[in-house]
Amino acid sequence: MVASFRSKRPGTPLSSMLSYEFARLIVVGLLSVLYRFRCYHSRRLPVSGAVLLIANHQSYLDPPAIGAGVNHRHLDYIARLGLFEGRLLAWLLRQFNSLPIREQGGDTGAIKEILRRLADGRAVLIFPEGTRTEDGAMNEFKRGIAVLVKRSMCPVIPVAVEGCFDAWPRHRTWPRLWGKRIAVSFGSPIDHDELMKDGADAALRRLEAETQHLRIGLRRLLRRQTRGRFPAP
């Protein structure tokens, strides 16, 4: 049983894994009560082995929502360097497997660390838009991510979040705590060789298109379930 639990994130102290699991359960409860949180197809994420997760970025709620939807793996998160400026927030981010990366220019050290974590068999989540959306729509993926995808040598899974922008848009200091809906959907794993068959740029465009397709489908589902109330038109 302990071995099975440790397999959720290889090479991690048991105390850190227990902290992550406890926090995940709290987040699931809060998101469920406040936003009627739903996660679809999380089992498309393999139970073991290196996986790179690519997601759209609407809000600070995206990483906890995606992590909350996965109960059979512990994720590693890539966060912008600016979030690590506060001592307390930096400590919390590192407790939950987060790695800082510079928004502008190449961050060779961060890319090497991501590749090291993948080599350890971990599941790493990254947001290729580089920053939160201004209006809820998905922005173009940054080309620098293509290098990481090429060098990762592992399956890639597109992930979509929807409703997080309405709950906590970037122009608000604090989230809206009621009256919104949040959902996450996982796409199917794409084999590395299949993804790279037409080159890194084509691979990035494919991931962008598949993530957008997932997001639009998730948005339609939420609006159908709420009779057009959420997310906002």
# chains A, B, ... in the order shown; residues from 1 in each chain; ligands from 1
>>> residues_around(residues="Arg229 of chain A", least_positions_apart="5", cutoff="12 Å", atoms="only C-alpha atoms", output="PyMOL selection string")
chain A and resi 163+166+179-181+219-224
>>> write_last_selection(atoms="N, CA and C atoms", output="short mmCIF file (atom, residue, chain, number, x, y, z; two decimals), in the first residue's frame")
data_model
loop_
_atom_site.label_atom_id
_atom_site.label_comp_id
_atom_site.auth_asym_id
_atom_site.auth_seq_id
_atom_site.Cartn_x
_atom_site.Cartn_y
_atom_site.Cartn_z
N GLY A 163 -14.06 28.21 -16.93
CA GLY A 163 -14.76 28.78 -15.79
C GLY A 163 -13.85 29.48 -14.80
N ASP A 166 -13.86 33.32 -15.13
CA ASP A 166 -15.03 33.97 -14.53
C ASP A 166 -14.91 34.02 -13.01
N GLY A 179 -21.30 31.47 -7.20
CA GLY A 179 -22.06 31.73 -8.42
C GLY A 179 -21.34 31.45 -9.72
N LYS A 180 -20.21 30.75 -9.69
CA LYS A 180 -19.49 30.40 -10.91
C LYS A 180 -19.32 28.89 -10.97
N ARG A 181 -18.92 28.38 -12.14
CA ARG A 181 -18.65 26.96 -12.32
C ARG A 181 -17.25 26.78 -12.87
N ARG A 219 -16.50 24.23 -22.48
CA ARG A 219 -17.33 25.43 -22.33
C ARG A 219 -18.77 25.14 -22.75
N ARG A 220 -18.94 24.43 -23.86
CA ARG A 220 -20.28 24.07 -24.31
C ARG A 220 -20.99 23.18 -23.30
N LEU A 221 -20.24 22.24 -22.73
CA LEU A 221 -20.82 21.34 -21.73
C LEU A 221 -21.30 22.12 -20.51
N LEU A 222 -20.47 23.03 -20.02
CA LEU A 222 -20.84 23.82 -18.84
C LEU A 222 -22.07 24.68 -19.13
N ARG A 223 -22.13 25.28 -20.30
CA ARG A 223 -23.27 26.13 -20.63
C ARG A 223 -24.54 25.31 -20.81
N ARG A 224 -24.39 24.10 -21.33
CA ARG A 224 -25.55 23.22 -21.47
C ARG A 224 -26.06 22.78 -20.10
#
>>> residues_around(residues="segment 78-95 of chain A", least_positions_apart="2", cutoff="9 Å", atoms="only C-alpha atoms", output="compact mmCIF listing (two decimals) with C-alpha atoms, in the first residue's frame")
# COMPACT_ATOMS: atom_id res chain seq x y z
CA SER A 16 5.83 15.82 1.43
CA SER A 19 1.11 17.16 2.75
CA TYR A 20 0.28 17.28 -0.96
CA ASP A 76 4.79 18.97 -10.65
CA ASN A 97 6.21 20.56 -6.28
CA SER A 98 6.38 23.93 -8.06
CA LEU A 99 9.36 25.06 -10.11
CA PRO A 100 10.02 28.74 -11.03
CA ILE A 101 10.63 29.72 -14.64
CA ARG A 102 11.37 33.12 -16.20
CA GLU A 103 8.62 34.47 -18.45
CA ALA A 110 14.42 25.50 -15.49
CA ILE A 114 11.85 19.90 -15.92
CA VAL A 124 4.80 17.86 -15.10
CA LEU A 125 2.18 20.56 -15.79
CA ILE A 126 3.08 23.64 -17.83
CA PHE A 127 1.10 26.57 -19.27
CA GLY A 130 3.11 31.96 -20.39
CA THR A 131 0.62 34.16 -18.56
>>> residues_around(residues="Arg205 of chain A", least_positions_apart="6", cutoff="10 Å", atoms="only C-alpha atoms", output="PyMOL selection string")
chain A and resi 140-141+143+146+211
>>> atom_distance(atom1="atom CA of Arg151 of chain A", atom2="atom CA of Ile111 of chain A")
9.4 Å
>>> residues_around(residues="Ser42 of chain A", least_positions_apart="4", cutoff="8 Å", atoms="only C-alpha atoms", output="PyMOL selection string")
chain A and resi 69-70+185-186
>>> closest_residue(among="A:Ser59, A:Leu52, A:Gly136, A:Arg117", to="Lys150 of chain A", atoms="only C-alpha atoms")
A:Leu52
>>> select_by_dssp(residues="segment 90-176 of chain A", states="strand (DSSP E)", output="list in words")
Ser98, Leu99, Pro100, Ile101, Ala123, Val124, Leu125, Ile126, Val156, Ile157, Pro158, Val159, Ala160, Val161 and Glu162 of chain A
>>> closest_residue(among="A:Leu53, A:Leu118, A:Cys164, A:Ile26", to="Arg9 of chain A", atoms="only C-alpha atoms")
A:Leu118
>>> residues_around(residues="Leu25 of chain A", least_positions_apart="6", cutoff="12 Å", atoms="only C-alpha atoms", output="ChimeraX atom specification")
/A:18-19,31-32,64-65,67-71
>>> residues_around(residues="Asn56 of chain A", least_positions_apart="2", cutoff="9 Å", atoms="only C-alpha atoms", output="list in words")
Ile54, Gln58, Asp62, Ile126, Phe127, Pro128, Glu129, Arg132, Thr133, Met138, Asn139, Phe141, Pro158, Val159, Ala160, Val161, Glu162, Glu208, Thr211, Gln212 and Arg215 of chain A
>>> write_last_selection(atoms="N, CA, C and O atoms", output="PDB file, in the first residue's frame")
ATOM      1  N   ILE A  54       0.002  19.848 -20.874  1.00  0.00           N
ATOM      2  CA  ILE A  54      -0.045  21.175 -21.483  1.00  0.00           C
ATOM      3  C   ILE A  54      -1.455  21.737 -21.291  1.00  0.00           C
ATOM      4  O   ILE A  54      -2.427  21.126 -21.740  1.00  0.00           O
ATOM      5  N   GLN A  58      -6.143  30.425 -17.477  1.00  0.00           N
ATOM      6  CA  GLN A  58      -7.166  31.434 -17.271  1.00  0.00           C
ATOM      7  C   GLN A  58      -7.007  32.195 -15.957  1.00  0.00           C
ATOM      8  O   GLN A  58      -7.437  33.340 -15.858  1.00  0.00           O
ATOM      9  N   ASP A  62      -6.204  27.717 -11.913  1.00  0.00           N
ATOM     10  CA  ASP A  62      -5.932  26.612 -12.858  1.00  0.00           C
ATOM     11  C   ASP A  62      -5.085  25.490 -12.258  1.00  0.00           C
ATOM     12  O   ASP A  62      -5.486  24.315 -12.319  1.00  0.00           O
ATOM     13  N   ILE A 126       2.559  22.346 -17.387  1.00  0.00           N
ATOM     14  CA  ILE A 126       3.078  23.638 -17.833  1.00  0.00           C
ATOM     15  C   ILE A 126       2.001  24.378 -18.615  1.00  0.00           C
ATOM     16  O   ILE A 126       1.131  23.759 -19.244  1.00  0.00           O
ATOM     17  N   PHE A 127       2.066  25.723 -18.577  1.00  0.00           N
ATOM     18  CA  PHE A 127       1.098  26.573 -19.268  1.00  0.00           C
ATOM     19  C   PHE A 127       1.804  27.299 -20.409  1.00  0.00           C
ATOM     20  O   PHE A 127       2.478  28.315 -20.182  1.00  0.00           O
ATOM     21  N   PRO A 128       1.664  26.821 -21.639  1.00  0.00           N
ATOM     22  CA  PRO A 128       2.442  27.366 -22.760  1.00  0.00           C
ATOM     23  C   PRO A 128       2.083  28.794 -23.168  1.00  0.00           C
ATOM     24  O   PRO A 128       2.838  29.419 -23.909  1.00  0.00           O
ATOM     25  N   GLU A 129       0.943  29.333 -22.698  1.00  0.00           N
ATOM     26  CA  GLU A 129       0.630  30.734 -22.988  1.00  0.00           C
ATOM     27  C   GLU A 129       1.567  31.669 -22.227  1.00  0.00           C
ATOM     28  O   GLU A 129       1.734  32.826 -22.615  1.00  0.00           O
ATOM     29  N   ARG A 132      -1.601  34.485 -17.660  1.00  0.00           N
ATOM     30  CA  ARG A 132      -3.051  34.333 -17.634  1.00  0.00           C
ATOM     31  C   ARG A 132      -3.708  35.157 -18.740  1.00  0.00           C
ATOM     32  O   ARG A 132      -3.252  36.249 -19.077  1.00  0.00           O
ATOM     33  N   THR A 133      -4.802  34.630 -19.267  1.00  0.00           N
ATOM     34  CA  THR A 133      -5.537  35.326 -20.315  1.00  0.00           C
ATOM     35  C   THR A 133      -6.137  36.635 -19.800  1.00  0.00           C
ATOM     36  O   THR A 133      -6.497  36.752 -18.627  1.00  0.00           O
ATOM     37  N   MET A 138      -8.165  31.764 -25.233  1.00  0.00           N
ATOM     38  CA  MET A 138      -6.828  31.175 -25.161  1.00  0.00           C
ATOM     39  C   MET A 138      -5.872  31.942 -26.057  1.00  0.00           C
ATOM     40  O   MET A 138      -6.172  32.228 -27.217  1.00  0.00           O
ATOM     41  N   ASN A 139      -4.699  32.285 -25.528  1.00  0.00           N
ATOM     42  CA  ASN A 139      -3.672  32.972 -26.297  1.00  0.00           C
ATOM     43  C   ASN A 139      -2.776  31.976 -27.024  1.00  0.00           C
ATOM     44  O   ASN A 139      -2.764  30.780 -26.716  1.00  0.00           O
ATOM     45  N   PHE A 141       0.308  29.783 -28.027  1.00  0.00           N
ATOM     46  CA  PHE A 141       1.362  29.142 -27.249  1.00  0.00           C
ATOM     47  C   PHE A 141       2.720  29.723 -27.635  1.00  0.00           C
ATOM     48  O   PHE A 141       3.004  29.954 -28.815  1.00  0.00           O
ATOM     49  N   PRO A 158      -2.821  17.156 -23.640  1.00  0.00           N
ATOM     50  CA  PRO A 158      -3.455  18.472 -23.548  1.00  0.00           C
ATOM     51  C   PRO A 158      -4.524  18.467 -22.458  1.00  0.00           C
ATOM     52  O   PRO A 158      -5.221  17.470 -22.269  1.00  0.00           O
ATOM     53  N   VAL A 159      -4.624  19.569 -21.746  1.00  0.00           N
ATOM     54  CA  VAL A 159      -5.603  19.718 -20.664  1.00  0.00           C
ATOM     55  C   VAL A 159      -6.299  21.063 -20.840  1.00  0.00           C
ATOM     56  O   VAL A 159      -5.659  22.062 -21.180  1.00  0.00           O
ATOM     57  N   ALA A 160      -7.610  21.089 -20.608  1.00  0.00           N
ATOM     58  CA  ALA A 160      -8.365  22.339 -20.710  1.00  0.00           C
ATOM     59  C   ALA A 160      -9.022  22.672 -19.382  1.00  0.00           C
ATOM     60  O   ALA A 160      -9.538  21.789 -18.699  1.00  0.00           O
ATOM     61  N   VAL A 161      -8.986  23.965 -19.030  1.00  0.00           N
ATOM     62  CA  VAL A 161      -9.751  24.466 -17.892  1.00  0.00           C
ATOM     63  C   VAL A 161     -10.761  25.468 -18.415  1.00  0.00           C
ATOM     64  O   VAL A 161     -10.494  26.193 -19.381  1.00  0.00           O
ATOM     65  N   GLU A 162     -11.929  25.517 -17.802  1.00  0.00           N
ATOM     66  CA  GLU A 162     -12.945  26.486 -18.201  1.00  0.00           C
ATOM     67  C   GLU A 162     -13.709  26.931 -16.966  1.00  0.00           C
ATOM     68  O   GLU A 162     -13.939  26.132 -16.049  1.00  0.00           O
ATOM     69  N   GLU A 208      -1.707  23.231 -29.387  1.00  0.00           N
ATOM     70  CA  GLU A 208      -2.543  24.416 -29.237  1.00  0.00           C
ATOM     71  C   GLU A 208      -3.956  24.150 -29.745  1.00  0.00           C
ATOM     72  O   GLU A 208      -4.947  24.489 -29.073  1.00  0.00           O
ATOM     73  N   THR A 211      -5.808  21.610 -27.413  1.00  0.00           N
ATOM     74  CA  THR A 211      -6.194  22.238 -26.153  1.00  0.00           C
ATOM     75  C   THR A 211      -7.382  23.163 -26.356  1.00  0.00           C
ATOM     76  O   THR A 211      -8.321  23.180 -25.553  1.00  0.00           O
ATOM     77  N   GLN A 212      -7.364  23.918 -27.441  1.00  0.00           N
ATOM     78  CA  GLN A 212      -8.487  24.804 -27.751  1.00  0.00           C
ATOM     79  C   GLN A 212      -9.769  24.014 -27.999  1.00  0.00           C
ATOM     80  O   GLN A 212     -10.854  24.394 -27.530  1.00  0.00           O
ATOM     81  N   ARG A 215     -11.100  22.922 -24.716  1.00  0.00           N
ATOM     82  CA  ARG A 215     -11.664  24.047 -23.973  1.00  0.00           C
ATOM     83  C   ARG A 215     -13.049  24.426 -24.499  1.00  0.00           C
ATOM     84  O   ARG A 215     -13.984  24.647 -23.709  1.00  0.00           O
TER      85      ARG A 215
END
>>> closest_residue(among="A:Leu207, A:Glu21, A:Arg36, A:Gly121", to="His192 of chain A", atoms="only C-alpha atoms")
A:Leu207
>>> closest_residue(among="A:Val184, A:Val147, A:Val51, A:Leu177", to="Pro63 of chain A", atoms="only C-alpha atoms")
A:Val184
>>> select_by_dssp(residues="segment 26-158 of chain A", states="alpha helix (DSSP H)", output="VMD selection string")
chain A and resid 26 to 35 62 to 68 87 to 95 108 to 119 144 to 152
>>> write_last_selection(atoms="N, CA and C atoms", output="short mmCIF file (atom, residue, chain, number, x, y, z; two decimals), in the first residue's frame")
data_model
loop_
_atom_site.label_atom_id
_atom_site.label_comp_id
_atom_site.auth_asym_id
_atom_site.auth_seq_id
_atom_site.Cartn_x
_atom_site.Cartn_y
_atom_site.Cartn_z
N ILE A 26 -8.42 19.09 0.48
CA ILE A 26 -9.02 20.36 0.89
C ILE A 26 -9.46 21.16 -0.34
N VAL A 27 -8.59 21.21 -1.35
CA VAL A 27 -8.91 21.95 -2.57
C VAL A 27 -10.12 21.34 -3.28
N VAL A 28 -10.18 20.01 -3.35
CA VAL A 28 -11.34 19.36 -3.95
C VAL A 28 -12.62 19.78 -3.23
N GLY A 29 -12.58 19.78 -1.90
CA GLY A 29 -13.76 20.16 -1.14
C GLY A 29 -14.16 21.61 -1.38
N LEU A 30 -13.18 22.51 -1.35
CA LEU A 30 -13.48 23.93 -1.55
C LEU A 30 -14.02 24.21 -2.95
N LEU A 31 -13.36 23.66 -3.96
CA LEU A 31 -13.81 23.89 -5.33
C LEU A 31 -15.19 23.29 -5.58
N SER A 32 -15.45 22.15 -4.97
CA SER A 32 -16.74 21.50 -5.15
C SER A 32 -17.86 22.33 -4.52
N VAL A 33 -17.62 22.85 -3.32
CA VAL A 33 -18.64 23.66 -2.62
C VAL A 33 -18.83 25.01 -3.30
N LEU A 34 -17.74 25.67 -3.64
CA LEU A 34 -17.82 27.03 -4.16
C LEU A 34 -18.19 27.09 -5.64
N TYR A 35 -17.69 26.12 -6.43
CA TYR A 35 -17.83 26.21 -7.88
C TYR A 35 -18.39 24.95 -8.53
N ASP A 62 -6.20 27.72 -11.91
CA ASP A 62 -5.93 26.61 -12.86
C ASP A 62 -5.08 25.49 -12.26
N PRO A 63 -3.89 25.80 -11.70
CA PRO A 63 -3.07 24.70 -11.17
C PRO A 63 -3.75 23.87 -10.09
N PRO A 64 -4.36 24.50 -9.05
CA PRO A 64 -5.02 23.66 -8.05
C PRO A 64 -6.21 22.88 -8.60
N ALA A 65 -6.92 23.46 -9.57
CA ALA A 65 -8.06 22.75 -10.15
C ALA A 65 -7.60 21.52 -10.92
N ILE A 66 -6.53 21.65 -11.69
CA ILE A 66 -6.03 20.50 -12.46
C ILE A 66 -5.48 19.44 -11.51
N GLY A 67 -4.70 19.87 -10.52
CA GLY A 67 -4.16 18.91 -9.55
C GLY A 67 -5.24 18.23 -8.74
N ALA A 68 -6.30 18.97 -8.40
CA ALA A 68 -7.40 18.41 -7.62
C ALA A 68 -8.13 17.32 -8.37
N ARG A 87 8.34 35.27 0.50
CA ARG A 87 8.95 34.12 1.17
C ARG A 87 7.93 33.03 1.50
N LEU A 88 6.77 33.44 2.03
CA LEU A 88 5.76 32.45 2.41
C LEU A 88 5.18 31.75 1.19
N LEU A 89 4.83 32.54 0.15
CA LEU A 89 4.26 31.93 -1.06
C LEU A 89 5.28 31.03 -1.74
N ALA A 90 6.54 31.46 -1.76
CA ALA A 90 7.59 30.63 -2.37
C ALA A 90 7.72 29.30 -1.64
N TRP A 91 7.65 29.35 -0.31
CA TRP A 91 7.73 28.11 0.48
C TRP A 91 6.55 27.19 0.16
N LEU A 92 5.35 27.76 0.09
CA LEU A 92 4.16 26.96 -0.22
C LEU A 92 4.25 26.35 -1.61
N LEU A 93 4.69 27.14 -2.57
CA LEU A 93 4.79 26.64 -3.94
C LEU A 93 5.76 25.47 -4.03
N ARG A 94 6.88 25.59 -3.34
CA ARG A 94 7.86 24.50 -3.38
C ARG A 94 7.38 23.27 -2.63
N GLN A 95 6.56 23.47 -1.59
CA GLN A 95 5.99 22.33 -0.89
C GLN A 95 5.11 21.50 -1.80
N THR A 108 17.32 28.13 -19.28
CA THR A 108 17.97 26.85 -19.47
C THR A 108 17.95 26.01 -18.21
N GLY A 109 18.19 26.65 -17.07
CA GLY A 109 18.19 25.91 -15.81
C GLY A 109 16.85 25.27 -15.52
N ALA A 110 15.75 26.02 -15.75
CA ALA A 110 14.42 25.50 -15.49
C ALA A 110 14.09 24.34 -16.43
N ILE A 111 14.47 24.50 -17.70
CA ILE A 111 14.21 23.42 -18.67
C ILE A 111 14.96 22.15 -18.27
N LYS A 112 16.21 22.30 -17.83
CA LYS A 112 16.97 21.13 -17.39
C LYS A 112 16.31 20.46 -16.19
N GLU A 113 15.77 21.27 -15.27
CA GLU A 113 15.11 20.71 -14.09
C GLU A 113 13.81 20.00 -14.48
N ILE A 114 13.07 20.57 -15.43
CA ILE A 114 11.85 19.90 -15.92
C ILE A 114 12.20 18.56 -16.53
N LEU A 115 13.24 18.55 -17.35
CA LEU A 115 13.65 17.30 -18.00
C LEU A 115 14.14 16.29 -16.96
N ARG A 116 14.80 16.76 -15.91
CA ARG A 116 15.25 15.85 -14.84
C ARG A 116 14.05 15.22 -14.15
N ARG A 117 13.03 16.04 -13.86
CA ARG A 117 11.84 15.50 -13.20
C ARG A 117 11.12 14.51 -14.09
N LEU A 118 11.07 14.79 -15.37
CA LEU A 118 10.46 13.83 -16.31
C LEU A 118 11.27 12.54 -16.33
N ALA A 119 12.59 12.66 -16.30
CA ALA A 119 13.45 11.47 -16.29
C ALA A 119 13.21 10.63 -15.04
N GLY A 144 8.91 28.90 -27.41
CA GLY A 144 9.94 28.28 -26.59
C GLY A 144 9.53 26.94 -26.00
N ILE A 145 8.22 26.72 -25.86
CA ILE A 145 7.73 25.45 -25.32
C ILE A 145 8.03 24.30 -26.28
N ALA A 146 8.15 24.62 -27.57
CA ALA A 146 8.43 23.57 -28.56
C ALA A 146 9.74 22.86 -28.25
N VAL A 147 10.73 23.60 -27.74
CA VAL A 147 12.02 22.99 -27.39
C VAL A 147 11.84 21.97 -26.27
N LEU A 148 11.04 22.34 -25.27
CA LEU A 148 10.79 21.43 -24.16
C LEU A 148 10.06 20.19 -24.63
N VAL A 149 9.05 20.37 -25.46
CA VAL A 149 8.29 19.23 -25.98
C VAL A 149 9.21 18.30 -26.76
N LYS A 150 10.07 18.88 -27.57
CA LYS A 150 11.00 18.08 -28.38
C LYS A 150 11.95 17.26 -27.53
N ARG A 151 12.47 17.88 -26.47
CA ARG A 151 13.49 17.22 -25.65
C ARG A 151 12.89 16.32 -24.57
N SER A 152 11.61 16.41 -24.34
CA SER A 152 10.99 15.66 -23.24
C SER A 152 11.00 14.15 -23.46
#
